[in-house]
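Contents: one structure, followed by commentary.
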Amino acid sequence: MKPRIYYTKPSITEKEVAYATDAVANGWGERCYEYIDRFEAAFKAHLGVEHAIATSSCTGALHLGLAALGVGPGDEVIMADTNWIATAAPVVHLGARPVFVDILPHSWCIDPERAEAAITPRTKAIIAVHLYGNLCEMHELREIGRRHGLPLVEDAAEAIGSMYRGLAAGSMGAFGCFSLHGSKTLTTGEGGMFVTDDYQLYETVLTLSNHGRSRSQTKQFWPEMVGFKYKMSNVQAAIGCAQMERIDELVRRKREILAHYRERLGSLPGVTLNPEPAGTVNGAWMPTVVFAPETGVTREALLEAFARENIDARVFFYPLSSLPMFDDLPENRVAWDLPGRAVNLPSYHDMTGDDLEAVVAVVRTAVGVRAEEREGLR
Ligand SMILES: *Cc1c(COP(=O)(O)O)cnc(C)c1O
């Protein structure tokens, strides 16, 4: 069996090991928040935002932010049907209802027209998820938010390094959240980040994130509301500090990998990869190929071909509305159609040129074989 080509894997150097080791050995007592403070400062500077709070996950950051916006029972929150469950779960936990709308066929992100059409008097927020690093139509979505007086939230879990007209993904909404899970471009193992320019929202989330204890409260053990406990540890933050010092390198390598796939696969007939429209930079978290129906290439066929080569490719997100706990919405045609003919390609930083070419070969063969079969039928 050939050595396995994983689809994601963190890039860990001596720097991460050194910082984590220091945090474990010395980051206690008076120094127990040192790496957390440093990590938040570095994250803010990188994004160009006013406030950041390190959390235990992106899901937690989103839960805190939505709670601070006042999302509660009876409310609706609009998001794309194509998505990871993590964006919908906090909405459900707050007693609100996620409203799933269709995506745009080229960006795989929320369709602004559909989002606007889904607004009702119960709508409390719109969540823009930058899928796989691809950017949402932020200009249109922000206008819709403004027109209807609704906060636009950015789930930038997959979009560190992505830029929209000079602005970092995650820095453009009422608040943004990031995932630092081991599969993401920048990681702390598990972890997340809440960011905002809104001071009031920041203070509310800070209090909520610490079991409802305001930082101005001098009385010990005195929460003023029921909050959450979604904090990051100093040891995790130490890993984050090292990763943050390497952020340009980490994003550059992701972009190189996507560029390689695009160069080797993008010109095959009926094959498209993550877009990068003018005025944007795609952080390239997850290179993904989509096959036009006429290629005849399916997810199942391709995953089998990858498995034979011991390559770990993954399925494109199923529409959330197709999951058992939600109502089917097959009218979200793009979201329901794409997954059957799309696959996520391996993209970890340490992939070699040979690894990339092994992946390329599987895709080229799949497309070529299907084309030959069709020729044979004529
Ligand atoms: C990874 C991911 C999350 C969840 O991140 P966690 O840190 O695992 O909570 C949320 N939204 C999207 C779009 C993701 O890809």
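Each chain of the structure tokens is named A, B, ... in the order shown, its residues numbered from 1; ligands are numbered from 1 in display order.
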
Where does chain A meet ligand 1 within 9 Å, residue by residue, with the nearest atom pair and distance in Å to one decimal for each, counting only C-alpha atoms and all ligand atoms, listed by chain and rising number, as CSV?
residue,atom,partner,partner_atom_place_in_ligand_line,distance
A:Thr55,CA,ligand 1,7 (O),8.8
A:Ser56,CA,ligand 1,7 (O),7.3
A:Ser57,CA,ligand 1,7 (O),3.7
A:Cys58,CA,ligand 1,9 (O),3.8
A:Thr59,CA,ligand 1,9 (O),3.7
A:Gly60,CA,ligand 1,9 (O),6.3
A:Ala61,CA,ligand 1,9 (O),7.9
A:Leu62,CA,ligand 1,10 (C),8.2
A:Asn83,CA,ligand 1,13 (C),6.0
A:Trp84,CA,ligand 1,13 (C),5.3
A:Ile85,CA,ligand 1,11 (N),7.3
A:Ala86,CA,ligand 1,10 (C),4.6
A:Thr87,CA,ligand 1,11 (N),5.1
A:Ala88,CA,ligand 1,11 (N),8.7
A:Val129,CA,ligand 1,13 (C),5.8
A:His130,CA,ligand 1,13 (C),7.1
A:Leu131,CA,ligand 1,13 (C),6.3
A:Tyr132,CA,ligand 1,15 (O),7.4
A:Asp155,CA,ligand 1,11 (N),6.0
A:Ala156,CA,ligand 1,13 (C),6.8
A:Ala157,CA,ligand 1,12 (C),4.8
A:Glu158,CA,ligand 1,15 (O),5.1
A:Ala159,CA,ligand 1,13 (C),8.6
A:Cys177,CA,ligand 1,10 (C),8.2
A:Phe178,CA,ligand 1,7 (O),7.1
A:Ser179,CA,ligand 1,7 (O),3.9
A:Leu180,CA,ligand 1,7 (O),5.5
A:His181,CA,ligand 1,7 (O),4.9
A:Gly182,CA,ligand 1,8 (O),8.6
A:Ser183,CA,ligand 1,1 (C),7.6
A:Lys184,CA,ligand 1,1 (C),7.0
A:Glu190,CA,ligand 1,7 (O),6.1
A:Gly191,CA,ligand 1,7 (O),5.4
A:Gly192,CA,ligand 1,7 (O),5.3
A:Met193,CA,ligand 1,7 (O),8.6

Output N, CA, C and O atoms for every residue in the selection just made, as a short mmCIF file (atom, residue, chain, number, x, y, z; two decimals), in the first residue's frame.
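Once everything was written out, this is out-v6.cif:
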data_model
loop_
_atom_site.label_atom_id
_atom_site.label_comp_id
_atom_site.auth_asym_id
_atom_site.auth_seq_id
_atom_site.Cartn_x
_atom_site.Cartn_y
_atom_site.Cartn_z
N THR A 55 -11.43 31.56 21.96
CA THR A 55 -12.46 30.67 22.48
C THR A 55 -12.04 29.21 22.29
O THR A 55 -11.04 28.93 21.63
N SER A 56 -12.84 28.31 22.82
CA SER A 56 -12.51 26.89 22.73
C SER A 56 -12.84 26.31 21.36
O SER A 56 -12.38 25.23 21.01
N SER A 57 -13.67 27.02 20.59
CA SER A 57 -14.01 26.56 19.24
C SER A 57 -14.68 27.70 18.48
O SER A 57 -15.09 28.70 19.09
N CYS A 58 -14.83 27.52 17.18
CA CYS A 58 -15.58 28.48 16.38
C CYS A 58 -17.06 28.37 16.72
O CYS A 58 -17.77 29.37 16.79
N THR A 59 -17.52 27.15 16.95
CA THR A 59 -18.91 26.95 17.33
C THR A 59 -19.23 27.75 18.58
O THR A 59 -20.27 28.42 18.67
N GLY A 60 -18.31 27.71 19.57
CA GLY A 60 -18.49 28.47 20.80
C GLY A 60 -18.50 29.96 20.55
O GLY A 60 -19.32 30.70 21.10
N ALA A 61 -17.58 30.44 19.69
CA ALA A 61 -17.51 31.88 19.37
C ALA A 61 -18.83 32.33 18.74
O ALA A 61 -19.35 33.40 19.05
N LEU A 62 -19.36 31.50 17.86
CA LEU A 62 -20.61 31.83 17.18
C LEU A 62 -21.78 31.82 18.17
O LEU A 62 -22.65 32.71 18.13
N ASN A 83 -23.28 23.90 4.03
CA ASN A 83 -22.56 24.39 5.19
C ASN A 83 -22.25 23.24 6.13
O ASN A 83 -22.87 22.19 6.06
N TRP A 84 -21.32 23.50 7.05
CA TRP A 84 -21.08 22.56 8.13
C TRP A 84 -22.11 22.82 9.23
O TRP A 84 -22.52 23.95 9.46
N ILE A 85 -22.48 21.77 9.94
CA ILE A 85 -23.53 21.85 10.97
C ILE A 85 -23.18 22.86 12.06
O ILE A 85 -24.07 23.40 12.73
N ALA A 86 -21.89 23.13 12.24
CA ALA A 86 -21.44 24.03 13.32
C ALA A 86 -22.07 25.41 13.24
O ALA A 86 -22.23 26.07 14.28
N THR A 87 -22.44 25.86 12.04
CA THR A 87 -23.04 27.20 11.92
C THR A 87 -24.50 27.17 12.38
O THR A 87 -25.02 28.17 12.88
N ALA A 88 -25.16 26.04 12.18
CA ALA A 88 -26.58 25.95 12.52
C ALA A 88 -26.80 25.57 13.98
O ALA A 88 -27.78 26.00 14.60
N VAL A 129 -21.15 32.56 5.39
CA VAL A 129 -20.07 31.58 5.58
C VAL A 129 -19.20 31.60 4.32
O VAL A 129 -19.71 31.38 3.22
N HIS A 130 -17.93 31.86 4.49
CA HIS A 130 -17.02 31.88 3.33
C HIS A 130 -16.56 30.45 3.08
O HIS A 130 -15.52 30.02 3.59
N LEU A 131 -17.32 29.73 2.29
CA LEU A 131 -17.12 28.29 2.15
C LEU A 131 -15.78 27.93 1.51
O LEU A 131 -15.48 28.37 0.40
N TYR A 132 -15.02 27.10 2.20
CA TYR A 132 -13.72 26.61 1.71
C TYR A 132 -12.72 27.73 1.43
O TYR A 132 -11.74 27.52 0.72
N ASP A 155 -19.14 33.87 9.45
CA ASP A 155 -18.48 32.64 9.88
C ASP A 155 -17.28 32.46 8.96
O ASP A 155 -17.42 32.00 7.83
N ALA A 156 -16.13 32.89 9.46
CA ALA A 156 -14.90 32.84 8.66
C ALA A 156 -14.03 31.65 9.10
O ALA A 156 -12.82 31.67 8.94
N ALA A 157 -14.69 30.62 9.62
CA ALA A 157 -13.98 29.42 10.09
C ALA A 157 -13.01 28.89 9.05
O ALA A 157 -11.94 28.40 9.37
N GLU A 158 -13.41 29.01 7.77
CA GLU A 158 -12.63 28.39 6.70
C GLU A 158 -11.87 29.44 5.90
O GLU A 158 -11.36 29.13 4.82
N ALA A 159 -11.83 30.68 6.40
CA ALA A 159 -11.42 31.76 5.51
C ALA A 159 -10.29 32.64 6.04
O ALA A 159 -10.14 33.78 5.60
N CYS A 177 -16.20 35.01 13.26
CA CYS A 177 -15.64 33.94 14.09
C CYS A 177 -14.77 33.03 13.21
O CYS A 177 -15.00 32.90 12.01
N PHE A 178 -13.76 32.47 13.85
CA PHE A 178 -12.78 31.63 13.17
C PHE A 178 -12.65 30.30 13.89
O PHE A 178 -12.80 30.24 15.12
N SER A 179 -12.32 29.26 13.14
CA SER A 179 -12.03 27.96 13.73
C SER A 179 -10.54 27.69 13.69
O SER A 179 -9.88 27.95 12.69
N LEU A 180 -10.02 27.18 14.80
CA LEU A 180 -8.60 26.83 14.87
C LEU A 180 -8.47 25.32 15.10
O LEU A 180 -7.52 24.83 15.71
N HIS A 181 -9.48 24.59 14.64
CA HIS A 181 -9.49 23.13 14.69
C HIS A 181 -8.30 22.59 13.89
O HIS A 181 -7.78 23.26 12.99
N GLY A 182 -7.88 21.38 14.22
CA GLY A 182 -6.70 20.80 13.59
C GLY A 182 -6.76 20.66 12.09
O GLY A 182 -5.73 20.47 11.43
N SER A 183 -7.94 20.76 11.51
CA SER A 183 -8.06 20.65 10.06
C SER A 183 -7.94 22.00 9.36
O SER A 183 -7.88 22.05 8.14
N LYS A 184 -7.89 23.08 10.13
CA LYS A 184 -7.94 24.40 9.51
C LYS A 184 -6.54 24.94 9.20
O LYS A 184 -5.54 24.38 9.67
N GLU A 190 -7.79 22.32 19.01
CA GLU A 190 -9.16 22.82 19.02
C GLU A 190 -9.06 24.29 19.41
O GLU A 190 -8.18 24.67 20.17
N GLY A 191 -9.96 25.09 18.91
CA GLY A 191 -9.94 26.50 19.30
C GLY A 191 -10.72 27.34 18.34
O GLY A 191 -11.11 26.89 17.26
N GLY A 192 -10.97 28.57 18.77
CA GLY A 192 -11.69 29.50 17.91
C GLY A 192 -11.36 30.94 18.28
O GLY A 192 -10.60 31.18 19.23
N MET A 193 -11.92 31.88 17.53
CA MET A 193 -11.69 33.29 17.81
C MET A 193 -12.94 34.06 17.46
O MET A 193 -13.56 33.81 16.42
#

Can you tell me which residues surround Pro73 of chain A at a distance of at most 9 Å, considering only C-alpha atoms, apart from same-chain residues fewer than 6 positions away, and format the answer as a tab-separated table (two decimals) with N, CA, C and O atoms, in the first residue's frame?
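This is the output file result.tsv:
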chain	number	residue	atom	x	y	z
A	92	VAL	N	-29.83	26.70	16.86
A	92	VAL	CA	-30.80	25.77	17.44
A	92	VAL	C	-30.70	25.78	18.97
A	92	VAL	O	-31.70	25.84	19.68
A	94	LEU	N	-29.92	28.13	20.85
A	94	LEU	CA	-30.50	29.36	21.40
A	94	LEU	C	-32.02	29.38	21.27
A	94	LEU	O	-32.66	30.36	21.64
A	95	GLY	N	-32.58	28.32	20.72
A	95	GLY	CA	-34.04	28.24	20.59
A	95	GLY	C	-34.56	28.88	19.32
A	95	GLY	O	-35.77	28.98	19.13
A	96	ALA	N	-33.66	29.32	18.46
A	96	ALA	CA	-34.06	29.96	17.20
A	96	ALA	C	-34.05	28.92	16.08
A	96	ALA	O	-33.67	27.76	16.28
A	97	ARG	N	-34.47	29.35	14.88
A	97	ARG	CA	-34.58	28.41	13.76
A	97	ARG	C	-33.63	28.84	12.65
A	97	ARG	O	-33.69	29.99	12.19

| Selected residue, from A:Trp108, A:Tyr318, A:Tyr33, A:Phe221, that lies nearest to Val290 of chain A when counting only C-alpha atoms |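 Nearest candidate to Val290 of chain A out of A:Trp108, A:Tyr318, A:Tyr33, A:Phe221: A:Trp108.
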
| message | Please extract the residues of segment 71-312 of chain A with a backbone DSSP assignment of alpha helix (DSSP H) and present them as an MDAnalysis selection string. | response | chainID A and resid 85:93 112:117 138:148 199:209 234:245 247:265 299:308

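Pairwise distance (atom CA of Ala237 of chain A, atom CA of Ala42 of chain A) equals 10.9 Å.
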
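Comparing A:Gln200, A:Asn310, A:Ser214, A:Thr188 by their smallest distance to Ile239 of chain A, the closest is A:Thr188 (using only C-alpha atoms).
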
| Leaving out Ala18 of chain A and any residue of its chain fewer than 3 positions from it, which residues lie within 9 Å of it when counting only C-alpha atoms, given as number ranges by chain? | A: 13-15, 21-23, 238-239, 242

| request: Using only C-alpha atoms, find the one residue out of A:Met244, A:Ala117, A:Ala41, A:Val271 that sits nearest to Thr185 of chain A. | output: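 Of A:Met244, A:Ala117, A:Ala41, A:Val271, the one nearest Thr185 of chain A is A:Met244, counting only C-alpha atoms.
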
For the contact check between segment 228-344 of chain A and segment 160-168 of chain A, emit one row per residue of segment 228-344 of chain A within 6 Å, containing the shortest atom pair and the distance in Å rounded to one decimal, counting only C-alpha atoms, chain then rising number order, as CSV.
residue,atom,partner,partner_atom,distance
A:Val251,CA,A:Gly161,CA,5.9
A:Gly279,CA,A:Arg165,CA,5.0
A:Thr280,CA,A:Tyr164,CA,4.6
A:Val281,CA,A:Met163,CA,4.8
A:Asn282,CA,A:Ser162,CA,4.7
A:Gly283,CA,A:Ser162,CA,4.2

| task | With a distance cut-off of 12 Å and only C-alpha atoms, select the neighbouring residues of Ala335 of chain A, excluding the residue or stretch itself and same-chain residues fewer than 5 positions from it, and output the selection as a ChimeraX atom specification. | result | /A:80-83,100-111,316-322,328-330,340-342

| request: Write down as a list in words the residues of segment 252-371 of chain A whose backbone DSSP state falls under strand (DSSP E). | output: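 DSSP-assigned strand (DSSP E) residues in segment 252-371 of chain A: Val271, Thr272, Thr280, Val281, Thr288, Val289, Val290, Phe291, Arg314, Val315, Ala342, Val343 and Asn344 of chain A.
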
| field | Residues within 7 Å of segment 137-146 of chain A, only C-alpha atoms, excluding chain neighbours under 4 positions, as a ChimeraX atom specification | value | /A:112,116,150-152

Output N, CA and C atoms of each residue in that selection to a file, as a PDB file, in the first residue's frame.
ATOM      1  N   PRO A 112     -27.305  36.118  -2.253  1.00  0.00           N
ATOM      2  CA  PRO A 112     -27.872  37.283  -1.563  1.00  0.00           C
ATOM      3  C   PRO A 112     -29.354  37.501  -1.866  1.00  0.00           C
ATOM      4  N   GLU A 116     -32.274  37.663   0.955  1.00  0.00           N
ATOM      5  CA  GLU A 116     -33.194  38.786   1.165  1.00  0.00           C
ATOM      6  C   GLU A 116     -34.646  38.312   1.096  1.00  0.00           C
ATOM      7  N   LEU A 150     -30.609  44.431   9.854  1.00  0.00           N
ATOM      8  CA  LEU A 150     -30.215  43.125  10.392  1.00  0.00           C
ATOM      9  C   LEU A 150     -28.697  42.996  10.459  1.00  0.00           C
ATOM     10  N   PRO A 151     -28.178  42.472  11.558  1.00  0.00           N
ATOM     11  CA  PRO A 151     -26.731  42.255  11.614  1.00  0.00           C
ATOM     12  C   PRO A 151     -26.305  41.148  10.652  1.00  0.00           C
ATOM     13  N   LEU A 152     -25.178  41.393   9.994  1.00  0.00           N
ATOM     14  CA  LEU A 152     -24.565  40.374   9.146  1.00  0.00           C
ATOM     15  C   LEU A 152     -23.397  39.782   9.922  1.00  0.00           C
TER      16      LEU A 152
END

| task | Tell me, as a list in words, which residues lie within 12 Å of Pro121 of chain A, counting only C-alpha atoms; anything in the same chain fewer than 4 positions away does not count. | result | Gly74, Asp75, Glu76, Val77, Ala117, Ala125, His148, Gly149 and Leu150 of chain A

Please save N, CA, C and O atoms of the selected residues as a tab-separated table (two decimals), in the first residue's frame.
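Contents of the output file selection.tsv:
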chain	number	residue	atom	x	y	z
A	74	GLY	N	-37.98	31.59	18.96
A	74	GLY	CA	-38.88	32.20	18.00
A	74	GLY	C	-38.19	32.97	16.90
A	74	GLY	O	-38.81	33.31	15.89
A	75	ASP	N	-36.90	33.25	17.06
A	75	ASP	CA	-36.18	34.01	16.04
A	75	ASP	C	-35.74	33.11	14.88
A	75	ASP	O	-35.68	31.89	15.02
A	76	GLU	N	-35.44	33.75	13.76
A	76	GLU	CA	-34.91	33.04	12.60
A	76	GLU	C	-33.55	33.62	12.22
A	76	GLU	O	-33.34	34.83	12.33
A	77	VAL	N	-32.65	32.76	11.81
A	77	VAL	CA	-31.33	33.18	11.36
A	77	VAL	C	-31.08	32.56	9.99
A	77	VAL	O	-31.19	31.34	9.82
A	117	ALA	N	-34.91	37.40	0.16
A	117	ALA	CA	-36.28	36.91	-0.01
A	117	ALA	C	-36.74	36.11	1.22
A	117	ALA	O	-37.94	35.96	1.45
A	125	ALA	N	-30.81	37.72	12.20
A	125	ALA	CA	-29.45	37.90	11.66
A	125	ALA	C	-29.30	37.09	10.38
A	125	ALA	O	-30.08	36.17	10.11
A	148	HIS	N	-32.49	46.23	5.89
A	148	HIS	CA	-33.48	45.60	6.76
A	148	HIS	C	-33.13	45.73	8.24
A	148	HIS	O	-33.80	45.13	9.08
A	149	GLY	N	-32.06	46.46	8.54
A	149	GLY	CA	-31.66	46.63	9.94
A	149	GLY	C	-31.27	45.32	10.61
A	149	GLY	O	-31.55	45.09	11.78
A	150	LEU	N	-30.61	44.43	9.85
A	150	LEU	CA	-30.21	43.13	10.39
A	150	LEU	C	-28.70	43.00	10.46
A	150	LEU	O	-28.01	43.36	9.51

Hey, what's within 9 Å of Glu309 of chain A if we count only C-alpha atoms and toss same-chain stuff fewer than 6 positions away? As a tab-separated table (two decimals) with all heavy atoms, in the first residue's frame, please?
chain	number	residue	atom	x	y	z
A	1	MET	N	0.84	-1.21	0.00
A	1	MET	CA	0.00	0.00	0.00
A	1	MET	C	0.87	1.25	0.00
A	1	MET	O	1.84	1.33	0.75
A	1	MET	CB	-0.88	-0.03	1.26
A	1	MET	CG	-2.07	0.89	1.22
A	1	MET	SD	-3.40	0.25	0.17
A	1	MET	CE	-4.78	1.22	0.73
A	2	LYS	N	0.51	2.20	-0.84
A	2	LYS	CA	1.26	3.47	-0.85
A	2	LYS	C	1.01	4.23	0.45
A	2	LYS	O	-0.05	4.09	1.05
A	2	LYS	CB	0.79	4.34	-2.02
A	2	LYS	CG	1.13	3.74	-3.36
A	2	LYS	CD	0.54	4.56	-4.49
A	2	LYS	CE	0.83	3.87	-5.80
A	2	LYS	NZ	-0.01	4.36	-6.89
A	3	PRO	N	2.00	5.06	0.88
A	3	PRO	CA	1.76	5.85	2.10
A	3	PRO	C	0.55	6.76	1.91
A	3	PRO	O	0.31	7.27	0.82
A	3	PRO	CB	3.04	6.68	2.26
A	3	PRO	CG	3.87	6.43	1.07
A	3	PRO	CD	3.29	5.30	0.27
A	4	ARG	N	-0.23	6.91	2.97
A	4	ARG	CA	-1.48	7.65	2.89
A	4	ARG	C	-1.23	9.14	2.64
A	4	ARG	O	-0.34	9.74	3.24
A	4	ARG	CB	-2.26	7.49	4.19
A	4	ARG	CG	-3.65	8.07	4.15
A	4	ARG	CD	-4.59	7.17	4.93
A	4	ARG	NE	-5.95	7.62	4.94
A	4	ARG	CZ	-6.85	7.32	3.99
A	4	ARG	NH1	-6.48	6.63	2.93
A	4	ARG	NH2	-8.09	7.73	4.10
A	5	ILE	N	-2.02	9.72	1.75
A	5	ILE	CA	-2.02	11.17	1.58
A	5	ILE	C	-3.25	11.70	2.29
A	5	ILE	O	-4.38	11.45	1.87
A	5	ILE	CB	-2.03	11.56	0.09
A	5	ILE	CG1	-0.77	11.03	-0.60
A	5	ILE	CG2	-2.14	13.08	-0.07
A	5	ILE	CD1	-0.70	11.32	-2.09
A	358	ALA	N	0.10	12.91	-7.51
A	358	ALA	CA	-0.66	11.66	-7.33
A	358	ALA	C	-2.16	11.98	-7.30
A	358	ALA	O	-2.97	11.25	-7.88
A	358	ALA	CB	-0.23	10.97	-6.03
A	359	VAL	N	-2.51	13.08	-6.65
A	359	VAL	CA	-3.92	13.51	-6.60
A	359	VAL	C	-4.38	13.91	-8.00
A	359	VAL	O	-5.45	13.50	-8.47
A	359	VAL	CB	-4.10	14.68	-5.60
A	359	VAL	CG1	-5.53	15.21	-5.64
A	359	VAL	CG2	-3.71	14.25	-4.19
A	362	VAL	N	-5.18	11.03	-10.37
A	362	VAL	CA	-6.47	10.36	-10.15
A	362	VAL	C	-7.60	11.14	-10.83
A	362	VAL	O	-8.45	10.57	-11.52
A	362	VAL	CB	-6.76	10.20	-8.64
A	362	VAL	CG1	-8.18	9.69	-8.40
A	362	VAL	CG2	-5.75	9.24	-8.01

| said: My list of candidates is A:Val99, A:Val363, A:Ala54, A:Ala169. Which is closest to Ile119 of chain A when distances are computed with only C-alpha atoms? | reply: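 Between A:Val99, A:Val363, A:Ala54, A:Ala169, the residue approaching Ile119 of chain A most closely is A:Val99.
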
| message | Quick check, in Å to one decimal: how far apart do atom CA of Glu357 of chain A and atom CA of Gly266 of chain A lie? | response |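 Taking atom CA of Glu357 of chain A and atom CA of Gly266 of chain A, their separation equals 14.0 Å.
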
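Among A:Asp337, A:Glu30, A:Asp312, A:Asp37, the residue with the shortest atom-to-atom distance to Gly240 of chain A, counting only C-alpha atoms, is A:Asp37.
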
| task | Choose the residue, out of A:Gly376, A:Pro223, A:Pro90, A:Gly70, that has the smallest atom-to-atom separation from Thr123 of chain A; count only C-alpha atoms. | result |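 For Thr123 of chain A, the nearest of the given residues is A:Gly70.
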